[in-house]
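Structure data (mmCIF, C-alpha atoms) from query25.cif:
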data_my_file
loop_
_atom_site.label_atom_id
_atom_site.label_comp_id
_atom_site.auth_asym_id
_atom_site.auth_seq_id
_atom_site.Cartn_x
_atom_site.Cartn_y
_atom_site.Cartn_z
CA MET A 1 19.81 -2.81 16.28
CA PRO A 2 16.06 -3.34 16.67
CA THR A 3 14.40 -6.30 15.00
CA THR A 4 12.24 -4.10 12.78
CA ILE A 5 15.29 -2.72 11.01
CA ARG A 6 17.27 -5.95 11.06
CA LEU A 7 14.46 -8.07 9.65
CA GLN A 8 13.11 -5.64 7.07
CA THR A 9 12.88 -6.99 3.51
CA LEU A 10 11.67 -5.34 0.31
CA GLU A 11 8.04 -5.57 -0.80
CA ASP A 12 7.44 -7.37 -4.09
CA ALA A 13 6.85 -4.20 -6.10
CA THR A 14 9.99 -2.49 -4.76
CA ARG A 15 12.00 -5.66 -5.30
CA GLU A 16 11.11 -5.73 -8.97
CA ARG A 17 11.85 -2.05 -9.43
CA THR A 18 15.19 -2.47 -7.68
CA ILE A 19 16.22 -5.38 -9.90
CA LYS A 20 15.23 -3.36 -12.94
CA ARG A 21 17.43 -0.48 -11.83
CA LEU A 22 20.32 -2.83 -11.10
CA LYS A 23 20.05 -4.28 -14.61
CA ILE A 24 20.35 -0.76 -16.00
CA ILE A 25 23.38 -0.15 -13.80
CA GLU A 26 24.94 -3.43 -14.97
CA GLY A 27 24.53 -2.19 -18.53
CA GLN A 28 26.10 1.14 -17.63
CA VAL A 29 29.12 -0.61 -16.09
CA ARG A 30 29.57 -2.54 -19.35
CA GLY A 31 29.24 0.78 -21.16
CA VAL A 32 32.11 2.20 -19.12
CA GLN A 33 34.21 -0.86 -20.01
CA GLY A 34 33.47 -0.07 -23.64
CA ILE A 35 34.68 3.51 -23.51
CA VAL A 36 37.80 2.48 -21.58
CA GLU A 37 38.59 -0.16 -24.18
CA ALA A 38 38.00 2.35 -26.95
CA GLY A 39 40.73 4.53 -25.44
CA ARG A 40 38.43 7.44 -24.70
CA LYS A 41 39.44 10.43 -22.62
CA CYS A 42 39.87 10.12 -18.84
CA LEU A 43 37.36 12.93 -18.29
CA GLU A 44 34.69 11.01 -20.16
CA ILE A 45 35.42 7.89 -18.11
CA LEU A 46 35.21 9.89 -14.87
CA MET A 47 31.87 11.36 -15.93
CA GLN A 48 30.43 7.94 -16.76
CA VAL A 49 31.70 6.39 -13.51
CA SER A 50 30.08 9.29 -11.70
CA ALA A 51 26.75 8.58 -13.39
CA VAL A 52 26.88 4.93 -12.29
CA GLN A 53 27.68 6.03 -8.73
CA GLU A 54 24.62 8.29 -8.78
CA GLY A 55 22.52 5.37 -10.04
CA LEU A 56 23.72 3.18 -7.17
CA ARG A 57 22.98 5.92 -4.68
CA ASN A 58 19.41 5.93 -5.97
CA VAL A 59 19.17 2.16 -5.54
CA GLY A 60 20.20 2.65 -1.91
CA LYS A 61 17.58 5.36 -1.53
CA GLN A 62 14.89 3.07 -2.88
CA VAL A 63 15.88 0.25 -0.52
CA MET A 64 16.04 2.67 2.43
CA ARG A 65 12.60 4.02 1.52
CA ASN A 66 10.51 1.43 3.40
CA TYR A 67 12.28 1.82 6.72
CA PRO A 68 10.55 4.96 8.07
CA GLU A 69 7.10 3.51 7.38
CA ASN A 70 7.93 0.21 9.05
CA CYS A 71 9.58 1.91 11.98
CA ALA A 72 6.40 3.93 12.46
CA THR A 73 4.23 0.80 12.39
CA HIS A 74 6.53 -0.80 14.91
CA ALA A 75 6.64 2.26 17.17
CA ILE A 76 2.86 2.46 17.28
CA ARG A 77 1.68 -1.14 17.17
CA ASP A 78 4.38 -2.73 19.27
CA GLY A 79 4.89 0.21 21.58
CA GLY A 80 8.43 0.69 20.29
CA GLY A 81 9.96 3.86 21.66
CA PRO A 82 12.16 6.52 20.07
CA GLU A 83 15.13 4.09 20.01
CA ILE A 84 13.95 2.71 16.71
CA TYR A 85 14.22 6.15 15.12
CA ASP A 86 17.70 6.60 16.60
CA GLU A 87 18.72 3.35 14.92
CA LEU A 88 17.08 4.42 11.70
CA MET A 89 19.18 7.58 11.65
CA GLU A 90 22.33 5.50 12.19
CA VAL A 91 21.52 3.26 9.24
CA ILE A 92 20.58 6.19 7.02
CA TYR A 93 23.71 8.21 7.81
CA LYS A 94 25.88 5.15 7.34
CA TYR A 95 24.60 4.31 3.87
CA ALA A 96 23.24 7.57 2.40
CA ARG A 97 26.71 8.92 1.60
CA MET B 1 40.01 23.53 -19.08
CA PRO B 2 43.59 23.14 -20.35
CA THR B 3 44.34 20.75 -23.19
CA THR B 4 46.52 18.52 -21.02
CA ILE B 5 43.58 17.57 -18.83
CA ARG B 6 41.02 17.52 -21.63
CA LEU B 7 43.09 15.29 -23.89
CA GLN B 8 44.47 12.89 -21.31
CA THR B 9 43.84 9.20 -21.99
CA LEU B 10 44.82 6.10 -20.02
CA GLU B 11 48.07 4.29 -20.66
CA ASP B 12 47.76 0.71 -21.88
CA ALA B 13 48.61 -0.89 -18.54
CA THR B 14 46.15 1.28 -16.62
CA ARG B 15 43.50 0.69 -19.25
CA GLU B 16 43.73 -3.05 -18.78
CA ARG B 17 43.66 -2.81 -15.01
CA THR B 18 40.65 -0.51 -15.18
CA ILE B 19 38.72 -2.89 -17.42
CA LYS B 20 39.56 -5.74 -15.06
CA ARG B 21 38.19 -3.79 -12.12
CA LEU B 22 35.06 -2.87 -14.04
CA LYS B 23 34.44 -6.53 -14.85
CA ILE B 24 34.62 -7.32 -11.13
CA ILE B 25 32.18 -4.49 -10.44
CA GLU B 26 29.84 -5.80 -13.15
CA GLY B 27 29.87 -9.16 -11.37
CA GLN B 28 29.17 -7.47 -8.05
CA VAL B 29 26.17 -5.63 -9.51
CA ARG B 30 24.83 -9.00 -10.72
CA GLY B 31 25.47 -10.33 -7.23
CA VAL B 32 23.32 -7.57 -5.73
CA GLN B 33 20.55 -8.47 -8.19
CA GLY B 34 20.79 -12.02 -6.89
CA ILE B 35 20.35 -11.12 -3.25
CA VAL B 36 17.47 -8.78 -4.07
CA GLU B 37 15.75 -11.55 -6.03
CA ALA B 38 16.34 -13.98 -3.17
CA GLY B 39 14.37 -11.64 -0.90
CA ARG B 40 17.31 -10.94 1.41
CA LYS B 41 17.24 -8.26 4.10
CA CYS B 42 17.42 -4.58 3.18
CA LEU B 43 20.48 -4.13 5.40
CA GLU B 44 22.38 -6.76 3.42
CA ILE B 45 21.41 -5.09 0.14
CA LEU B 46 22.56 -1.70 1.45
CA MET B 47 25.89 -3.18 2.51
CA GLN B 48 26.47 -4.77 -0.88
CA VAL B 49 25.48 -1.61 -2.77
CA SER B 50 27.93 0.27 -0.56
CA ALA B 51 30.72 -2.14 -1.50
CA VAL B 52 30.05 -1.58 -5.20
CA GLN B 53 30.09 2.19 -4.66
CA GLU B 54 33.49 1.86 -2.98
CA GLY B 55 34.73 -0.20 -5.93
CA LEU B 56 33.62 2.48 -8.37
CA ARG B 57 35.29 5.17 -6.29
CA ASN B 58 38.53 3.21 -6.65
CA VAL B 59 38.09 3.02 -10.42
CA GLY B 60 37.77 6.81 -10.43
CA LYS B 61 40.91 7.08 -8.32
CA GLN B 62 42.84 4.90 -10.74
CA VAL B 63 41.71 6.96 -13.73
CA MET B 64 42.53 10.20 -11.90
CA ARG B 65 45.97 8.86 -11.01
CA ASN B 66 47.78 9.91 -14.20
CA TYR B 67 46.67 13.51 -14.14
CA PRO B 68 49.19 14.96 -11.64
CA GLU B 69 52.12 13.41 -13.51
CA ASN B 70 50.93 14.69 -16.86
CA CYS B 71 50.17 18.11 -15.48
CA ALA B 72 53.72 18.23 -14.14
CA THR B 73 55.18 17.28 -17.52
CA HIS B 74 53.05 19.94 -19.14
CA ALA B 75 53.94 22.60 -16.56
CA ILE B 76 57.65 22.00 -17.03
CA ARG B 77 58.05 21.08 -20.67
CA ASP B 78 55.46 23.39 -22.18
CA GLY B 79 55.91 26.19 -19.69
CA GLY B 80 52.39 25.72 -18.39
CA GLY B 81 51.76 27.81 -15.31
CA PRO B 82 49.89 27.12 -12.08
CA GLU B 83 46.55 27.27 -13.91
CA ILE B 84 46.88 23.63 -14.84
CA TYR B 85 47.05 22.68 -11.17
CA ASP B 86 44.02 24.84 -10.42
CA GLU B 87 42.11 22.95 -13.08
CA LEU B 88 43.38 19.65 -11.75
CA MET B 89 41.97 20.50 -8.32
CA GLU B 90 38.61 21.33 -9.90
CA VAL B 91 38.46 17.97 -11.66
CA ILE B 92 39.58 16.07 -8.57
CA TYR B 93 37.09 17.75 -6.24
CA LYS B 94 34.31 17.27 -8.75
CA TYR B 95 34.81 13.52 -9.15
CA ALA B 96 36.53 12.32 -5.96
CA ARG B 97 33.33 12.40 -3.90
CA MET C 1 54.10 8.37 3.26
CA PRO C 2 56.93 10.24 1.48
CA THR C 3 58.59 13.19 3.18
CA THR C 4 57.40 15.65 0.53
CA ILE C 5 53.79 15.08 1.47
CA ARG C 6 54.40 14.68 5.18
CA LEU C 7 56.45 17.86 5.50
CA GLN C 8 54.45 20.11 3.21
CA THR C 9 53.28 23.40 4.75
CA LEU C 10 51.26 26.24 3.27
CA GLU C 11 52.93 29.17 1.55
CA ASP C 12 52.37 32.55 3.20
CA ALA C 13 49.82 33.75 0.67
CA THR C 14 47.77 30.56 0.88
CA ARG C 15 48.00 30.60 4.65
CA GLU C 16 46.46 34.05 4.81
CA ARG C 17 43.72 33.16 2.37
CA THR C 18 42.96 30.00 4.34
CA ILE C 19 42.66 31.88 7.63
CA LYS C 20 40.38 34.41 5.95
CA ARG C 21 38.12 31.63 4.73
CA LEU C 22 38.10 29.99 8.15
CA LYS C 23 37.04 33.27 9.76
CA ILE C 24 34.11 33.43 7.35
CA ILE C 25 33.23 29.84 8.24
CA GLU C 26 33.44 30.67 11.95
CA GLY C 27 30.93 33.46 11.33
CA GLN C 28 28.67 31.09 9.41
CA VAL C 29 28.72 28.59 12.29
CA ARG C 30 27.64 31.41 14.63
CA GLY C 31 24.95 32.27 12.11
CA VAL C 32 23.60 28.72 12.28
CA GLN C 33 23.53 28.98 16.07
CA GLY C 34 21.43 32.11 15.66
CA ILE C 35 18.80 30.51 13.45
CA VAL C 36 18.62 27.47 15.74
CA GLU C 37 18.11 29.73 18.75
CA ALA C 38 15.46 31.69 16.87
CA GLY C 39 13.50 28.47 16.44
CA ARG C 40 13.68 28.48 12.65
CA LYS C 41 12.61 25.54 10.52
CA CYS C 42 14.70 22.36 10.35
CA LEU C 43 14.97 22.67 6.56
CA GLU C 44 16.55 26.10 6.88
CA ILE C 45 19.04 24.77 9.45
CA LEU C 46 19.92 21.84 7.18
CA MET C 47 20.50 24.19 4.26
CA GLN C 48 22.79 26.44 6.30
CA VAL C 49 24.74 23.50 7.73
CA SER C 50 25.17 22.27 4.17
CA ALA C 51 26.59 25.63 3.11
CA VAL C 52 29.16 25.52 5.92
CA GLN C 53 30.11 21.97 4.90
CA GLU C 54 30.69 23.19 1.35
CA GLY C 55 32.84 26.02 2.69
CA LEU C 56 34.99 23.57 4.64
CA ARG C 57 35.35 21.35 1.61
CA ASN C 58 36.75 24.36 -0.24
CA VAL C 59 39.23 25.01 2.55
CA GLY C 60 40.41 21.43 2.16
CA LYS C 61 40.71 21.94 -1.60
CA GLN C 62 42.82 25.05 -1.08
CA VAL C 63 45.15 23.26 1.35
CA MET C 64 45.40 20.27 -1.00
CA ARG C 65 46.21 22.60 -3.88
CA ASN C 66 49.97 22.82 -3.36
CA TYR C 67 50.60 19.10 -3.18
CA PRO C 68 50.69 18.26 -6.91
CA GLU C 69 53.15 21.05 -7.63
CA ASN C 70 55.44 20.03 -4.79
CA CYS C 71 55.20 16.38 -5.70
CA ALA C 72 56.26 17.31 -9.22
CA THR C 73 59.25 19.28 -7.98
CA HIS C 74 60.21 16.36 -5.79
CA ALA C 75 59.75 13.79 -8.54
CA ILE C 76 61.98 15.74 -10.90
CA ARG C 77 64.62 17.32 -8.69
CA ASP C 78 65.07 14.53 -6.20
CA GLY C 79 64.48 11.70 -8.64
CA GLY C 80 61.35 10.70 -6.80
CA GLY C 81 59.44 8.01 -8.68
CA PRO C 82 55.76 7.41 -9.24
CA GLU C 83 55.30 6.40 -5.59
CA ILE C 84 54.87 10.00 -4.61
CA TYR C 85 51.90 10.32 -6.94
CA ASP C 86 50.41 7.12 -5.55
CA GLU C 87 50.61 8.62 -2.08
CA LEU C 88 49.16 11.87 -3.34
CA MET C 89 46.12 10.01 -4.64
CA GLU C 90 45.68 8.32 -1.26
CA VAL C 91 45.71 11.65 0.55
CA ILE C 92 43.38 13.27 -1.95
CA TYR C 93 40.83 10.43 -1.89
CA LYS C 94 40.95 10.31 1.88
CA TYR C 95 40.19 13.99 2.41
CA ALA C 96 38.36 15.16 -0.73
CA ARG C 97 35.05 13.58 0.32
CA MET D 1 7.02 19.40 -0.22
CA PRO D 2 4.37 18.48 2.38
CA THR D 3 3.61 20.90 5.20
CA THR D 4 4.81 18.47 7.86
CA ILE D 5 8.34 18.58 6.54
CA ARG D 6 8.29 22.25 5.57
CA LEU D 7 6.99 23.44 8.94
CA GLN D 8 8.98 21.16 11.22
CA THR D 9 11.01 22.91 13.92
CA LEU D 10 13.30 21.51 16.62
CA GLU D 11 11.97 20.62 20.06
CA ASP D 12 13.45 22.62 22.94
CA ALA D 13 15.73 19.83 24.15
CA THR D 14 17.12 19.16 20.67
CA ARG D 15 17.55 22.87 20.06
CA GLU D 16 19.72 23.24 23.11
CA ARG D 17 21.81 20.21 22.25
CA THR D 18 22.25 21.48 18.69
CA ILE D 19 23.44 24.89 19.87
CA LYS D 20 25.86 23.20 22.24
CA ARG D 21 27.31 21.14 19.40
CA LEU D 22 27.58 24.20 17.18
CA LYS D 23 29.52 26.04 19.90
CA ILE D 24 31.97 23.15 20.00
CA ILE D 25 32.27 23.30 16.21
CA GLU D 26 32.84 27.06 16.37
CA GLY D 27 35.71 26.37 18.77
CA GLN D 28 37.10 23.72 16.45
CA VAL D 29 37.06 26.13 13.51
CA ARG D 30 39.04 28.61 15.61
CA GLY D 31 41.38 25.77 16.46
CA VAL D 32 42.01 25.13 12.78
CA GLN D 33 42.77 28.84 12.31
CA GLY D 34 45.32 28.49 15.08
CA ILE D 35 47.19 25.60 13.49
CA VAL D 36 47.14 27.32 10.09
CA GLU D 37 48.59 30.49 11.65
CA ALA D 38 51.21 28.44 13.45
CA GLY D 39 52.40 27.15 10.07
CA ARG D 40 51.59 23.53 10.82
CA LYS D 41 51.70 20.80 8.21
CA CYS D 42 49.03 20.58 5.49
CA LEU D 43 48.22 17.01 6.53
CA GLU D 44 47.40 18.14 10.06
CA ILE D 45 45.16 20.91 8.71
CA LEU D 46 43.37 18.46 6.43
CA MET D 47 42.79 16.10 9.35
CA GLN D 48 41.36 18.86 11.53
CA VAL D 49 39.12 20.18 8.74
CA SER D 50 37.89 16.63 8.29
CA ALA D 51 37.00 16.40 11.99
CA VAL D 52 34.96 19.60 11.78
CA GLN D 53 33.16 18.27 8.69
CA GLU D 54 32.26 15.13 10.63
CA GLY D 55 30.96 17.27 13.48
CA LEU D 56 28.73 19.22 11.11
CA ARG D 57 27.44 16.01 9.57
CA ASN D 58 26.37 14.96 13.06
CA VAL D 59 24.57 18.25 13.58
CA GLY D 60 22.65 17.57 10.39
CA LYS D 61 21.82 14.07 11.62
CA GLN D 62 20.47 15.45 14.88
CA VAL D 63 18.30 17.99 13.08
CA MET D 64 17.07 15.33 10.65
CA ARG D 65 16.26 13.04 13.57
CA ASN D 66 12.75 14.34 14.31
CA TYR D 67 11.43 14.05 10.78
CA PRO D 68 10.57 10.34 10.66
CA GLU D 69 8.60 10.55 13.91
CA ASN D 70 6.67 13.60 12.77
CA CYS D 71 6.02 12.12 9.35
CA ALA D 72 4.59 9.05 11.08
CA THR D 73 2.30 11.16 13.25
CA HIS D 74 1.17 13.01 10.17
CA ALA D 75 0.64 9.86 8.12
CA ILE D 76 -1.54 8.32 10.82
CA ARG D 77 -3.40 11.23 12.39
CA ASP D 78 -3.96 13.31 9.30
CA GLY D 79 -4.36 10.43 6.91
CA GLY D 80 -1.22 11.44 5.05
CA GLY D 81 -0.24 8.88 2.46
CA PRO D 82 3.12 7.46 1.41
CA GLU D 83 4.00 10.74 -0.33
CA ILE D 84 5.29 12.15 2.91
CA TYR D 85 7.84 9.34 3.16
CA ASP D 86 8.88 9.93 -0.44
CA GLU D 87 9.55 13.55 0.41
CA LEU D 88 11.37 12.53 3.56
CA MET D 89 13.74 10.39 1.49
CA GLU D 90 14.39 13.32 -0.85
CA VAL D 91 15.33 15.58 2.05
CA ILE D 92 17.48 12.94 3.71
CA TYR D 93 19.40 12.06 0.53
CA LYS D 94 19.88 15.72 -0.27
CA TYR D 95 21.43 16.64 3.07
CA ALA D 96 22.90 13.40 4.49
CA ARG D 97 25.96 13.51 2.24
#
Could you express the structure from this file as structure tokens?
Amino acid sequence: MPTTIRLQTLEDATRERTIKRLKIIEGQVRGVQGIVEAGRKCLEILMQVSAVQEGLRNVGKQVMRNYPENCATHAIRDGGGPEIYDELMEVIYKYAR
Amino acid sequence: MPTTIRLQTLEDATRERTIKRLKIIEGQVRGVQGIVEAGRKCLEILMQVSAVQEGLRNVGKQVMRNYPENCATHAIRDGGGPEIYDELMEVIYKYAR
Amino acid sequence: MPTTIRLQTLEDATRERTIKRLKIIEGQVRGVQGIVEAGRKCLEILMQVSAVQEGLRNVGKQVMRNYPENCATHAIRDGGGPEIYDELMEVIYKYAR
Amino acid sequence: MPTTIRLQTLEDATRERTIKRLKIIEGQVRGVQGIVEAGRKCLEILMQVSAVQEGLRNVGKQVMRNYPENCATHAIRDGGGPEIYDELMEVIYKYAR
């Protein structure tokens, strides 16, 4: 895997937004615990779990968001070839499920 | 949707196991917050988010687990026909993603 | 894996319906080839590929459909315990993606 | 959606490779019909359907592959801002399932 992808970290603004989202998700997970404890219907639990999964998918999307821009910078400035985009696709298709 | 599926709740033992799993997942979500705050690499964040998603999928599987048994009881005892299994498939394919 | 799940085959009616669906999917795959050859937009190709994927997921759902009923028969007639439903969940969560 | 993403088509080389893959997938779909007709086990059918789904996912990946490069060209040459990468993420997360 090329350095650009391996070394990539989040920018400050994205980092804060990501933590914020994760705090919401943490609250949602506690919420699911609550409805399980309260003996609520399985269907309601499944729906709530599904909502948390969607939230986590969006966290992944936000983290993934900076890659294409940084790959472009790398490809142009450092003369990186198309390999970096091949690697980008691998990472995306691995984690964007 | 038939009553059997709509009214289904978790048995006590499953309820406790589900809450236990959700507590672990809550801890994992806090763990992801930690690595984001620490400025760790995007790839590591994506991997950890992926692990939490897998954990939630397993919670869903555990909740879904009682349905087939209850549908069977219903189909036999109450003379429920194949419709209940059709509905079961709908629920499974909606939430087992 | 228990014999009931390992040995399960499709009933005649389901078999015919499944083949019918697969023929439609075969036609759709040829249709995607056509729009690729015609030089159509990537977005249109992605949308069509997505439709075929949905079609295949529904084939899987149809094949999976008989399992719960057969597991129930097995559990009752042959005194099969809850293990068969555990295995059923494994199969479902493996293939219902 | 920005023009760059909406208007994107496949390059000749990718087009040919995509058609080639789709022909293989067409053959696989016929293969699944064959095993269904032959009355083979449900598990075997599910496995084969799963393989075709994976093949289609890879077709989608190949089609998606050119976007990041073209978005980069657009962002630099035409002064396109970060919006194009936002849109790219939307498309990717919609179709990379």
- Query: Can you list, as a ChimeraX atom specification, the residues that the PyMOL selection byres ((chain C) within 9 of (chain B)) selects here?
  - Reply: /C:57-58,61-62,64-66,68-69,71-73,82,85-86,88-90,92-93,96-97
- With distances taken over only C-alpha atoms, which of B:Glu11, B:Glu83, B:Glu26, B:Glu37 is nearest to Leu56 in chain B? B:Glu26
If you take every atom of range 15-18 of chain D that the file lists and fit an axis-aligned box around them with 6 Å extra on each side, what centre and edge lengths come out in Å to one decimal, as JSON?
{"center_x": 19.9, "center_y": 21.7, "center_z": 20.9, "size_x": 16.7, "size_y": 15.0, "size_z": 16.4}
- Starting from the shown file, work through the PyMOL selection byres ((chain C and resi 47) around 12) and note down what comes out as an MDAnalysis selection string. (chainID C and resid 28 32 35 40:46 48:54) or (chainID D and resid 56:57 59:60 63:64 91:92 94:96)
- Item | Separation of CA of Thr14 in chain A from CA of Gly34 in chain B, in Å and rounded to one decimal | 14.6 Å
- Explicit residue set for the PyMOL selection byres ((chain B and resi 27) around 12), as an MDAnalysis selection string: (chainID A and resid 22:23 25:27 29:30) or (chainID B and resid 20:26 28:34 48 52 55)
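Here CA of Gln8 in chain A and CA of Thr4 in chain D stand 25.5 Å from one another.
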- Query: CA of Ala13 in chain D and CA of Gly81 in chain A are how many Å apart?
  - Reply: 17.2 Å
- Query: So which residues touch Gly39 in chain A within 8 Å, counting all atoms listed in the file, skipping near sequence neighbours fewer than 4 positions away, as a PyMOL selection string?
  - Reply: (chain A and resi 35) or (chain B and resi 9-10+15)
Please supply range 35-55 of chain B, rebuilt with N, CA and C atoms, as a PDB file, keeping the file's coordinate frame.
ATOM      1  N   ILE B  35      20.849 -11.150  -4.622  1.00  0.00           N
ATOM      2  CA  ILE B  35      20.350 -11.120  -3.250  1.00  0.00           C
ATOM      3  C   ILE B  35      19.012 -10.385  -3.155  1.00  0.00           C
ATOM      4  N   VAL B  36      18.785  -9.445  -4.066  1.00  0.00           N
ATOM      5  CA  VAL B  36      17.470  -8.780  -4.070  1.00  0.00           C
ATOM      6  C   VAL B  36      16.400  -9.788  -4.484  1.00  0.00           C
ATOM      7  N   GLU B  37      16.695 -10.525  -5.561  1.00  0.00           N
ATOM      8  CA  GLU B  37      15.750 -11.550  -6.030  1.00  0.00           C
ATOM      9  C   GLU B  37      15.463 -12.606  -4.961  1.00  0.00           C
ATOM     10  N   ALA B  38      16.485 -12.948  -4.208  1.00  0.00           N
ATOM     11  CA  ALA B  38      16.340 -13.980  -3.170  1.00  0.00           C
ATOM     12  C   ALA B  38      15.566 -13.460  -1.955  1.00  0.00           C
ATOM     13  N   GLY B  39      15.177 -12.181  -2.003  1.00  0.00           N
ATOM     14  CA  GLY B  39      14.370 -11.640  -0.900  1.00  0.00           C
ATOM     15  C   GLY B  39      15.159 -11.396   0.374  1.00  0.00           C
ATOM     16  N   ARG B  40      16.464 -11.177   0.224  1.00  0.00           N
ATOM     17  CA  ARG B  40      17.310 -10.940   1.410  1.00  0.00           C
ATOM     18  C   ARG B  40      17.004  -9.595   2.078  1.00  0.00           C
ATOM     19  N   LYS B  41      17.506  -9.460   3.276  1.00  0.00           N
ATOM     20  CA  LYS B  41      17.240  -8.260   4.100  1.00  0.00           C
ATOM     21  C   LYS B  41      17.761  -6.971   3.447  1.00  0.00           C
ATOM     22  N   CYS B  42      17.029  -5.889   3.704  1.00  0.00           N
ATOM     23  CA  CYS B  42      17.420  -4.580   3.180  1.00  0.00           C
ATOM     24  C   CYS B  42      18.838  -4.205   3.620  1.00  0.00           C
ATOM     25  N   LEU B  43      19.152  -4.481   4.876  1.00  0.00           N
ATOM     26  CA  LEU B  43      20.480  -4.130   5.400  1.00  0.00           C
ATOM     27  C   LEU B  43      21.595  -4.793   4.586  1.00  0.00           C
ATOM     28  N   GLU B  44      21.367  -6.044   4.204  1.00  0.00           N
ATOM     29  CA  GLU B  44      22.380  -6.760   3.420  1.00  0.00           C
ATOM     30  C   GLU B  44      22.510  -6.118   2.030  1.00  0.00           C
ATOM     31  N   ILE B  45      21.380  -5.756   1.454  1.00  0.00           N
ATOM     32  CA  ILE B  45      21.410  -5.090   0.140  1.00  0.00           C
ATOM     33  C   ILE B  45      22.186  -3.770   0.243  1.00  0.00           C
ATOM     34  N   LEU B  46      21.878  -2.989   1.282  1.00  0.00           N
ATOM     35  CA  LEU B  46      22.560  -1.700   1.450  1.00  0.00           C
ATOM     36  C   LEU B  46      24.072  -1.875   1.592  1.00  0.00           C
ATOM     37  N   MET B  47      24.462  -2.909   2.320  1.00  0.00           N
ATOM     38  CA  MET B  47      25.890  -3.180   2.510  1.00  0.00           C
ATOM     39  C   MET B  47      26.570  -3.540   1.190  1.00  0.00           C
ATOM     40  N   GLN B  48      25.892  -4.358   0.399  1.00  0.00           N
ATOM     41  CA  GLN B  48      26.470  -4.770  -0.880  1.00  0.00           C
ATOM     42  C   GLN B  48      26.529  -3.606  -1.869  1.00  0.00           C
ATOM     43  N   VAL B  49      25.478  -2.788  -1.892  1.00  0.00           N
ATOM     44  CA  VAL B  49      25.480  -1.610  -2.770  1.00  0.00           C
ATOM     45  C   VAL B  49      26.639  -0.696  -2.385  1.00  0.00           C
ATOM     46  N   SER B  50      26.846  -0.552  -1.088  1.00  0.00           N
ATOM     47  CA  SER B  50      27.930   0.270  -0.560  1.00  0.00           C
ATOM     48  C   SER B  50      29.302  -0.237  -1.039  1.00  0.00           C
ATOM     49  N   ALA B  51      29.453  -1.550  -1.051  1.00  0.00           N
ATOM     50  CA  ALA B  51      30.720  -2.140  -1.500  1.00  0.00           C
ATOM     51  C   ALA B  51      30.957  -1.837  -2.987  1.00  0.00           C
ATOM     52  N   VAL B  52      29.907  -1.899  -3.779  1.00  0.00           N
ATOM     53  CA  VAL B  52      30.050  -1.580  -5.200  1.00  0.00           C
ATOM     54  C   VAL B  52      30.414  -0.101  -5.378  1.00  0.00           C
ATOM     55  N   GLN B  53      29.778   0.762  -4.579  1.00  0.00           N
ATOM     56  CA  GLN B  53      30.090   2.190  -4.660  1.00  0.00           C
ATOM     57  C   GLN B  53      31.568   2.426  -4.353  1.00  0.00           C
ATOM     58  N   GLU B  54      32.068   1.738  -3.336  1.00  0.00           N
ATOM     59  CA  GLU B  54      33.490   1.860  -2.980  1.00  0.00           C
ATOM     60  C   GLU B  54      34.373   1.398  -4.140  1.00  0.00           C
ATOM     61  N   GLY B  55      33.984   0.292  -4.774  1.00  0.00           N
ATOM     62  CA  GLY B  55      34.730  -0.200  -5.930  1.00  0.00           C
ATOM     63  C   GLY B  55      34.782   0.808  -7.057  1.00  0.00           C
TER      64      GLY B  55
END
